[in-house]
Number of protein chains: 2
Amino acid sequence: MNFNKDTKVLIVGLGLIGGTYAEALSDKGYTVGAIDKRAESIDFALNKGWITEGRTENDSEFIAGFDLVIFALYPHIFLEWLSENQGALKPGTLLTDVTGVKSSVVYKVQDMLRGDLEFIGAHPMAGREMSGVEFANKEIFKGANYIVTPTEKNTEAAIETAEELGRVLGFKTISRLSPEEHDEMIGFLSQLTHVIAVALMVCKDSTKLADYTGDSFRDLTRIAKINDAMWSELFLLNKEELLKQIDIFSDKLEELRECIATDDAETMRAMMRLSKERRGFFDKPTK
Amino acid sequence: MNFNKDTKVLIVGLGLIGGTYAEALSDKGYTVGAIDKRAESIDFALNKGWITEGRTENDSEFIAGFDLVIFALYPHIFLEWLSENQGALKPGTLLTDVTGVKSSVVYKVQDMLRGDLEFIGAHPMAGREMSGVEFANKEIFKGANYIVTPTEKNTEAAIETAEELGRVLGFKTISRLSPEEHDEMIGFLSQLTHVIAVALMVCKDSTKLADYTGDSFRDLTRIAKINDAMWSELFLLNKEELLKQIDIFSDKLEELRECIATDDAETMRAMMRLSKERRGFFDKPTK
C-alpha cells in the first residue's frame with residue numbers, strides 16, 4: 001500500500017486521539033471515515049468536516065472501502081473488534097493503532113490476522129486530561145514524539161507508511177523501537193509518572209491544600225485526573241515492566257530519603273546536580 | 001508601623017524572589033532599597049527602576065533609613081546577617097522574610113531579636129527554575145498563594161502588615177498558619193514534590209529518553225532543575241517533617257504497586273477515581 005492523498009483512511013474509535021487523527025488527516029486533504037458506537041461523536045466529526053462518512057455499527061461494506069485502518073480503542077476492544085470484523089477488510093489493507101502498550105498487543109494481533117493483511121504498531125506520545133472527540137486538537141501533536149514498533153513480521157514498506165503517517169499528523173520526532181523496548185520506555189516515562197501522580201494525589205484530603213500550594217504540586221499531579229478504566233487496563237497489560245520501573249524509582253527515592261535522614265548533604269547535592277544536568281535534555285524543543 | 005506609600009522598604013538579598021518583590025513594590029509606587037553583595041544585581045535593579053538605592057556592603061547608616069525590611073536570603077545567611085547587623089536597624093522596624101522553612105527559623109529569629117524590633121515570618125508560594133534578579137518577573141505572584149506564619153510573640157498589627165504586603169505584591173490567596181502547620185504543608189506540597197522529581201530524574205541516563213517522552217515526564221520533572229545549595233539546606237532544616245511526608249507517599253506508592261502486582265483492578269480504579277476527584281480542587285483559579 002502506498003500512502004498518499006488517494007489513500008482512504010478509516011479510524012475505528014473516535015475519542016480524543018482518534019478524533020485528533022481525523023482532524024489532522026482531513027486538514028491535510030486525506031479522505032477519512034470513522035466508526036464509533038457513540039452517534040454524537042460521529043455527528044461532531046462530520047459537522048467539523050473531519051470525516052466524510054461515519055458509522056455507529058460495524059458495517060462490512062463500509063469497512064471494505066478503506067486502505068488504511070487506524071485503531072484508537074482500548075486494547076481489549078481492539079482485539080475483540082478484529083476477531084469479529086477482520087473478515088470485512090479488503091485484501092492488502094494496512095492496519096495500525098495508537099495503543100499505549102505493545103508487547104501484549106502487537107504479537108496477538110499479528111498472530112490472529114489474516115495472511116493478506118498487515119498490522120504495524122504505533123504509539124503517538126501525546127494526550128490531554130479529557131476524553132472524547134469534542135476535546136480533539138491537532139496542536140497536541142506538534143513538537144511531540146511518535147514511536148513505531150515493528151516486529152520481524154512487518155515489511156519495510158509498512159514500517160515506512162507508519163512513519164509517514166506520523167509525519168503527516170505533525171509529530172516532530174519519529175522513532176522505531178521493538179515492542180519490548182517500547183514497553184520498558186513507556187513503563188518508565190509514562191506509566192510510572194501516572195502511578196506517582198495518583199499516589200501523591202491520594203495521600204491527603206485536598207480541599208484545604210489548594211490555598212497553600214505552589215506550582216510544583218500542580219505540575220506533578222496534572223495527570224492525576226486519570227481515566228481509571230483505560231489506565232488500569234494499560235498498567236496491567238504492562239505489569240512486569242511497570243513493576244520493574246516502580247522499583248527503580250523507589251530505590252532512588254529511598255537513597256534520597258537516607259541522605260536526608262543522615263544529614264548527608266554532599267550525596268544529596270550530587271544527586272540534585274545530576275538531576276539538573278539530566279533534565280536539560282528534556283526541555284521541549286521549540287516547534 | 002503602618003504600611004503605606006511612605007513606608008521605606010529594604011530588601012536584603014536581591015535574587016529571583018527579592019528582585020521580584022522589588023519589581024512588584026516599585027511598580028505600586030513604594031520606595032525600595034536593596035542590599036546584595038553582587039554589584040551586578042544592584043545595578044540591574046537600579047537600571048530597571050525597581051530600587052532607588054542599593055549597597056553591596058552592610059552600611060549601618062543606609063540600613064537605619066528603612067521601616068520595613070524583607071529578607072530574601074538562604075536561611076543560615078539570614079541568621080548571620082541579623083546577628084551581625086540588627087544593631088543598625090531603626091527602633092520599631094518591622095522585619096519579614098520569604099524563607100521556605102519556618103519552625104527552624106522563625107523562633108530563632110524572634111529569640112535573638114532586639115526588643116524594639118518585630119519579626120513576622122512569611123512564605124510566597126511562587127518561584128521559577130532560574131536564579132538571579134535577571135529572571136525576576138512579578139507575573140509569577142498573580143493567582144499564587146502567600147502564607148504568613150505568626151507566633152504568640154507577634155502583634156496583630158504586624159501580622160496584618162505582612163498580609164497587606166502579600167496583597168500589594170499581587171498574591172491571590174493570603175493565609176495564616178503556625179510555623180509547624182506551614183512546615184507540614186510545605187513538606188508535603190513543595191519539598192516532597194522536589195524529592196520525587198529528583199529521584200525520578202536520576203533513575204536513568206536521559207540523553208535518548210527525550211525522543212520518546214510525552215508531556216507527563218516533562219511535567220513531573222520540571223522542578224528537577226534544582227538549586228542544590230538552596231534545596232539541600234531547606235530539606236535538612238525541615239528534616240523530621242519531610243521524612244514523614246516521604247513515608248506517607250511511599251506507603252501510597254506501595255499500595256498502588258501491590259494492586260498492579262496482584263491484578264487488583266478494582267482497588268486501583270478506586271484510587272484513580274479518588275485521585276481524579278481530589279485533583280479537581282487544584283485547578284488553578286482564573287486570575
# chains A, B, ... in the order shown; residues from 1 in each chain; ligands from 1
call {"tool": "residues_around", "arguments": {"residues": "Arg269 (chain A)", "least_positions_apart": "2", "cutoff": "10 Å", "atoms": "only C-alpha atoms", "output": "list in words"}}
result
Leu256, Cys259, Asp264, Ala265, Glu266, Thr267, Met271, Met272, Arg273, Leu274 and Ser275 of chain A; Ile226, Asn227, Asp228, Ala229, Met230, Trp231, Ser232 and Glu233 of chain B
call {"tool": "residues_around", "arguments": {"residues": "region 147-151 of chain B", "least_positions_apart": "5", "cutoff": "8 Å", "atoms": "only C-alpha atoms", "output": "ChimeraX atom specification"}}
result
/A:212 /B:102,120-125,159,162-163,174-179,182
call {"tool": "write_last_selection", "arguments": {"atoms": "N, CA and C atoms", "output": "short mmCIF file (atom, residue, chain, number, x, y, z; two decimals), in the first residue's frame"}}
result
data_model
loop_
_atom_site.label_atom_id
_atom_site.label_comp_id
_atom_site.auth_asym_id
_atom_site.auth_seq_id
_atom_site.Cartn_x
_atom_site.Cartn_y
_atom_site.Cartn_z
N TYR A 212 -2.61 26.66 49.79
CA TYR A 212 -1.22 26.80 50.24
C TYR A 212 -0.21 26.38 49.18
N LYS B 102 9.97 27.23 58.26
CA LYS B 102 9.59 28.21 59.27
C LYS B 102 9.97 27.84 60.70
N ILE B 120 7.99 39.05 61.60
CA ILE B 120 6.84 38.22 61.25
C ILE B 120 7.20 37.39 60.01
N GLY B 121 7.14 36.07 60.12
CA GLY B 121 7.52 35.19 59.01
C GLY B 121 6.47 35.13 57.92
N ALA B 122 6.94 34.98 56.69
CA ALA B 122 6.02 34.83 55.56
C ALA B 122 6.68 33.98 54.48
N HIS B 123 5.87 33.35 53.64
CA HIS B 123 6.40 32.49 52.58
C HIS B 123 5.56 32.66 51.30
N PRO B 124 6.14 33.31 50.29
CA PRO B 124 5.45 33.43 49.00
C PRO B 124 5.58 32.11 48.23
N MET B 125 4.44 31.50 47.86
CA MET B 125 4.48 30.18 47.20
C MET B 125 4.59 30.34 45.68
N ILE B 159 1.08 41.23 61.91
CA ILE B 159 0.50 40.17 61.07
C ILE B 159 -0.28 40.80 59.93
N ALA B 162 1.99 42.16 57.26
CA ALA B 162 2.52 41.08 56.40
C ALA B 162 1.46 40.65 55.39
N GLU B 163 0.23 40.57 55.83
CA GLU B 163 -0.86 40.18 54.92
C GLU B 163 -1.08 41.24 53.84
N ILE B 174 -4.19 34.75 50.66
CA ILE B 174 -3.29 35.03 51.77
C ILE B 174 -3.80 34.20 52.95
N SER B 175 -2.95 33.36 53.53
CA SER B 175 -3.37 32.51 54.64
C SER B 175 -2.47 32.71 55.85
N ARG B 176 -3.01 32.36 57.04
CA ARG B 176 -2.21 32.33 58.27
C ARG B 176 -2.06 30.88 58.70
N LEU B 177 -0.83 30.47 58.97
CA LEU B 177 -0.57 29.14 59.52
C LEU B 177 0.48 29.28 60.61
N SER B 178 0.45 28.39 61.60
CA SER B 178 1.55 28.38 62.56
C SER B 178 2.80 27.88 61.84
N PRO B 179 3.99 28.19 62.36
CA PRO B 179 5.21 27.67 61.71
C PRO B 179 5.16 26.15 61.54
N HIS B 182 2.75 25.24 58.74
CA HIS B 182 3.42 25.59 57.49
C HIS B 182 4.40 24.51 57.06
#
call {"tool": "select_by_dssp", "arguments": {"residues": "region 178-216 of chain A", "states": "helix (DSSP H, G or I)", "output": "PyMOL selection string"}}
result
chain A and resi 179-201+209-211+215-216
call {"tool": "residues_around", "arguments": {"residues": "Ile186 (chain A)", "least_positions_apart": "4", "cutoff": "8 Å", "atoms": "only C-alpha atoms", "output": "list in words"}}
result
Gly100, Val101, His182, Ser190 and Gln191 of chain A; Thr213 of chain B
call {"tool": "write_last_selection", "arguments": {"atoms": "N, CA, C and O atoms", "output": "CSV table (one decimal), in the first residue's frame"}}
result
chain,number,residue,atom,x,y,z
A,100,GLY,N,-1.2,2.2,23.9
A,100,GLY,CA,-0.1,2.6,24.8
A,100,GLY,C,0.7,1.5,25.3
A,100,GLY,O,1.7,1.8,26.0
A,101,VAL,N,0.4,0.3,25.1
A,101,VAL,CA,1.2,-0.9,25.4
A,101,VAL,C,1.4,-1.7,24.1
A,101,VAL,O,0.5,-1.7,23.3
A,182,HIS,N,9.8,-0.5,23.6
A,182,HIS,CA,8.7,0.5,23.8
A,182,HIS,C,8.1,0.3,25.2
A,182,HIS,O,7.9,1.3,25.9
A,190,SER,N,6.0,7.1,31.0
A,190,SER,CA,4.5,7.5,31.1
A,190,SER,C,3.8,6.8,32.2
A,190,SER,O,3.1,7.4,33.0
A,191,GLN,N,3.9,5.4,32.3
A,191,GLN,CA,3.1,4.7,33.3
A,191,GLN,C,3.6,5.0,34.7
A,191,GLN,O,2.8,5.3,35.6
B,213,THR,N,9.6,10.6,25.0
B,213,THR,CA,8.7,11.0,26.1
B,213,THR,C,7.4,11.8,25.6
B,213,THR,O,7.4,12.4,24.5
call {"tool": "select_by_dssp", "arguments": {"residues": "region 40-283 of chain B", "states": "strand (DSSP E)", "output": "list in words"}}
result
Glu53, Gly54, Arg55, Leu68, Val69, Ile70, Phe71, Leu94, Leu95, Thr96, Asp97, Glu118, Phe119, Ile120, Gly121, Ala122, His123, Pro124, Met125, Asn145, Tyr146, Ile147, Val148, Thr149, Thr173, Ile174, Ser175 and Arg176 of chain B
